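What follows is a short report on a single structure.
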Amino acid sequence: MVLVDIPGSKSITARALFLAAAADGVTTLQRPLRSDDTEGFAEGLTRLGYRVGRTPDAWQIDGRPQGPALAEADVFCRDGATTARFLPALAAAGHGVYRFDASPQMRRRPLLPLTRALRDLGVDLRHEEAEGHHPLTVRAAGVEGGEVVLDAGQSSQYLTALLLLGPLTRTGLRITVTDLVSVPYVEITLAMMRAFGVEVGREGNTYVVPPGGYRATTYAIEPDASTASYFFAAAALTGGEVTVPGLGEGALQGDLGFVEVLRRMGARVDVGADRTTVAGTGELHGVTVNMRDISDTMPTLAALAPFATGPVRIEDVANTRVKECDRLEACAENLRRLGVEVATGPDWIEIRPDVDGSRGGGAPTGADIKTYGDHRIVMSFAVTGLRVPGISFDDPGCVRKTFPGFHEAFGELAKALRKDVEG
């Protein structure tokens, strides 16, 4: 068995930084993820005038329920979607003029449902170039609150941004959602708001967020379940056994549900109170799976699929087309580079392994993986590389977005799994 220490969750770290900045008092975040995305979020808070103190294992944030300390700020959100979507909402609760911009990759990603909702709440928000995209400027004068309708069918982050904003408004928010993807990420938000002293109500498709602000606390960040998916997939593929401490039955992150997909494919899975173990059994069955709620792990499954005994069909993942890249097409293109037959539709991908060699393809062959600067494409196809020699990446360094030490950690895992299987 190989024990793997996974870095803290990106999603939880970003939410915790917002909550800590908005809370009354000093919050300590234990084991936060230190990556390009989360460092960018923390830097954004500093630009807005919040104090963020950092040690290797903890961050301390002085909360300001009244909003940013500075009356004017320019924030660069890098590639971070949480930074680019959450911080304008946080700034709107203050008083001042705040400009936000982002990398070319993040500029391409949509923002309009959120900015429309903020405008409906009276926020003076203007896109400088393309409507619904960065850069944008918020002329903040606090937010009164009230009722708003939101389409969160592209990203649950739109809803999370409004939920997090709700307690900072003067009268609270009633958010009616017409469509919603990645529901487990919203559940993370609600659980974390509860830890900071706010209970959100629910009336059908309407979320009821009370005013009154947040309480500072000490908050421990659990390991990143999306990142863990690559290590669990590695065990399923090689016949080894991987245990991730800190992710178990009480985990907040829905992406831990990826291990249930591996179970359906034939892996042995044990989810304990505070740890999860996956062991390969020597066979991976084909499967049809709806991944709407765990779509960040879609590339992991796609990269594992060529080694299944039958077709692997992944459905209801249209939202993966508006991530760091069009992940559905990126996976399809790279699998074809490896010699694997793939079909795609608007919201699905089907990988068809050449199990008996009847199509003349046989096993996948090495190729240079086109990453599109997307960390999840690199980390997913690193799993494929455990069985396919000659895989390389045109931008291996883009893993710094969520896991700067990924290649070293995955290399150590590969060695440990070989020993595990041989033993």
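Within each chain, counting starts at residue 1; across the structure tokens, chains are named A, B, ... in the order shown, with ligands numbered 1 upward in that order.
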Close residues, segment 60-74 of chain A itself excluded, 9 Å, only C-alpha atoms, min 2 positions apart in chain, as a ChimeraX atom specification: /A:17,19-30,44-45,47-55,58,76,90-101,142,168,213-214,216
How close does segment 339-421 of chain A get to segment 301-311 of chain A? List, as JSON lines, each residue of segment 339-421 of chain A within 12 Å, its nearest atom pair and the distance in Å to one decimal, counting only C-alpha atoms.
```
{"residue": "A:Gly339", "atom": "CA", "partner": "A:Pro306", "partner_atom": "CA", "distance": 9.6}
{"residue": "A:Val340", "atom": "CA", "partner": "A:Pro306", "partner_atom": "CA", "distance": 6.8}
{"residue": "A:Glu341", "atom": "CA", "partner": "A:Pro306", "partner_atom": "CA", "distance": 8.8}
{"residue": "A:Val342", "atom": "CA", "partner": "A:Pro311", "partner_atom": "CA", "distance": 9.5}
{"residue": "A:Ala343", "atom": "CA", "partner": "A:Pro311", "partner_atom": "CA", "distance": 10.6}
{"residue": "A:Thr344", "atom": "CA", "partner": "A:Ala302", "partner_atom": "CA", "distance": 11.8}
{"residue": "A:Trp348", "atom": "CA", "partner": "A:Ala302", "partner_atom": "CA", "distance": 11.0}
{"residue": "A:Ile349", "atom": "CA", "partner": "A:Ala302", "partner_atom": "CA", "distance": 8.3}
{"residue": "A:Glu350", "atom": "CA", "partner": "A:Pro311", "partner_atom": "CA", "distance": 6.8}
{"residue": "A:Ile351", "atom": "CA", "partner": "A:Pro311", "partner_atom": "CA", "distance": 5.6}
{"residue": "A:Arg352", "atom": "CA", "partner": "A:Pro311", "partner_atom": "CA", "distance": 4.5}
{"residue": "A:Pro353", "atom": "CA", "partner": "A:Pro306", "partner_atom": "CA", "distance": 4.9}
{"residue": "A:Asp354", "atom": "CA", "partner": "A:Pro306", "partner_atom": "CA", "distance": 7.9}
{"residue": "A:Val355", "atom": "CA", "partner": "A:Thr309", "partner_atom": "CA", "distance": 6.1}
{"residue": "A:Asp356", "atom": "CA", "partner": "A:Thr309", "partner_atom": "CA", "distance": 9.3}
{"residue": "A:Gly357", "atom": "CA", "partner": "A:Thr309", "partner_atom": "CA", "distance": 11.9}
{"residue": "A:Gly361", "atom": "CA", "partner": "A:Pro306", "partner_atom": "CA", "distance": 11.2}
{"residue": "A:Gly362", "atom": "CA", "partner": "A:Pro306", "partner_atom": "CA", "distance": 10.0}
{"residue": "A:Ala363", "atom": "CA", "partner": "A:Pro306", "partner_atom": "CA", "distance": 8.0}
{"residue": "A:Pro364", "atom": "CA", "partner": "A:Pro306", "partner_atom": "CA", "distance": 7.3}
{"residue": "A:Thr365", "atom": "CA", "partner": "A:Pro306", "partner_atom": "CA", "distance": 10.8}
{"residue": "A:Ile369", "atom": "CA", "partner": "A:Ala303", "partner_atom": "CA", "distance": 11.3}
{"residue": "A:Arg376", "atom": "CA", "partner": "A:Ala303", "partner_atom": "CA", "distance": 10.6}
{"residue": "A:Ile377", "atom": "CA", "partner": "A:Ala303", "partner_atom": "CA", "distance": 8.8}
{"residue": "A:Val378", "atom": "CA", "partner": "A:Ala303", "partner_atom": "CA", "distance": 10.1}
{"residue": "A:Met379", "atom": "CA", "partner": "A:Ala303", "partner_atom": "CA", "distance": 9.5}
{"residue": "A:Ser380", "atom": "CA", "partner": "A:Ala303", "partner_atom": "CA", "distance": 5.8}
{"residue": "A:Phe381", "atom": "CA", "partner": "A:Ala303", "partner_atom": "CA", "distance": 5.5}
{"residue": "A:Ala382", "atom": "CA", "partner": "A:Ala303", "partner_atom": "CA", "distance": 8.4}
{"residue": "A:Val383", "atom": "CA", "partner": "A:Ala303", "partner_atom": "CA", "distance": 6.8}
{"residue": "A:Thr384", "atom": "CA", "partner": "A:Ala303", "partner_atom": "CA", "distance": 5.7}
{"residue": "A:Gly385", "atom": "CA", "partner": "A:Ala303", "partner_atom": "CA", "distance": 9.2}
{"residue": "A:Leu386", "atom": "CA", "partner": "A:Leu304", "partner_atom": "CA", "distance": 10.1}
{"residue": "A:Arg387", "atom": "CA", "partner": "A:Phe307", "partner_atom": "CA", "distance": 8.8}
{"residue": "A:Val388", "atom": "CA", "partner": "A:Phe307", "partner_atom": "CA", "distance": 10.3}
```
Extract the full set of strand (DSSP E or B) residues from segment 131-322 of chain A according to DSSP on the backbone, and format it as a PyMOL selection string. chain A and resi 136-141+146-152+173-180+201-203+206-209+214-215+218-220+223+241-245+268-271+275-279+287-290+312-315
Output as JSON lines one row per residue of segment 11-85 of chain A within 12 Å of segment 230-253 of chain A: the closest atom pair and its distance in Å to one decimal place, counting only C-alpha atoms, sorted by chain and residue number ascending.
```
{"residue": "A:Ser11", "atom": "CA", "partner": "A:Gln253", "partner_atom": "CA", "distance": 8.7}
{"residue": "A:Ile12", "atom": "CA", "partner": "A:Gln253", "partner_atom": "CA", "distance": 8.5}
{"residue": "A:Arg31", "atom": "CA", "partner": "A:Gly246", "partner_atom": "CA", "distance": 11.5}
```
Neighbouring residues of segment 389-406 of chain A were defined as those with any atom within 9 Å, considering only C-alpha atoms; residues of the same chain fewer than 4 positions away were excluded. Please report them as a PyMOL selection string. chain A and resi 7+9-10+33-38+79-80+227+338+365-376+378-379+381-382+384-385+410-411
All helix (DSSP H, G or I) positions in segment 157-398 of chain A, as JSON, numbers by chain: {"A": [157, 158, 159, 160, 161, 162, 163, 164, 165, 166, 167, 168, 183, 184, 185, 186, 187, 188, 189, 190, 191, 192, 193, 194, 195, 225, 226, 227, 228, 229, 230, 231, 232, 233, 234, 235, 236, 237, 238, 254, 255, 256, 257, 258, 259, 260, 261, 262, 263, 264, 265, 292, 293, 294, 295, 296, 297, 298, 299, 300, 301, 302, 303, 304, 305, 306, 307, 318, 319, 320, 321, 322, 327, 328, 329, 330, 331, 332, 333, 334, 335, 336, 337, 375, 376, 377, 378, 379, 380, 381, 382, 383, 384, 396, 397, 398]}
Give me the residues within 7 Å of Ile6 of chain A as a PyMOL selection string, counting only C-alpha atoms and dropping any in the same chain fewer than 4 places off. chain A and resi 223-224+228
State, in Å with one decimal place, the distance from atom CA of Cys77 of chain A to atom CA of Ser103 of chain A.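 Calculated distance between atom CA of Cys77 of chain A and atom CA of Ser103 of chain A is 7.2 Å.
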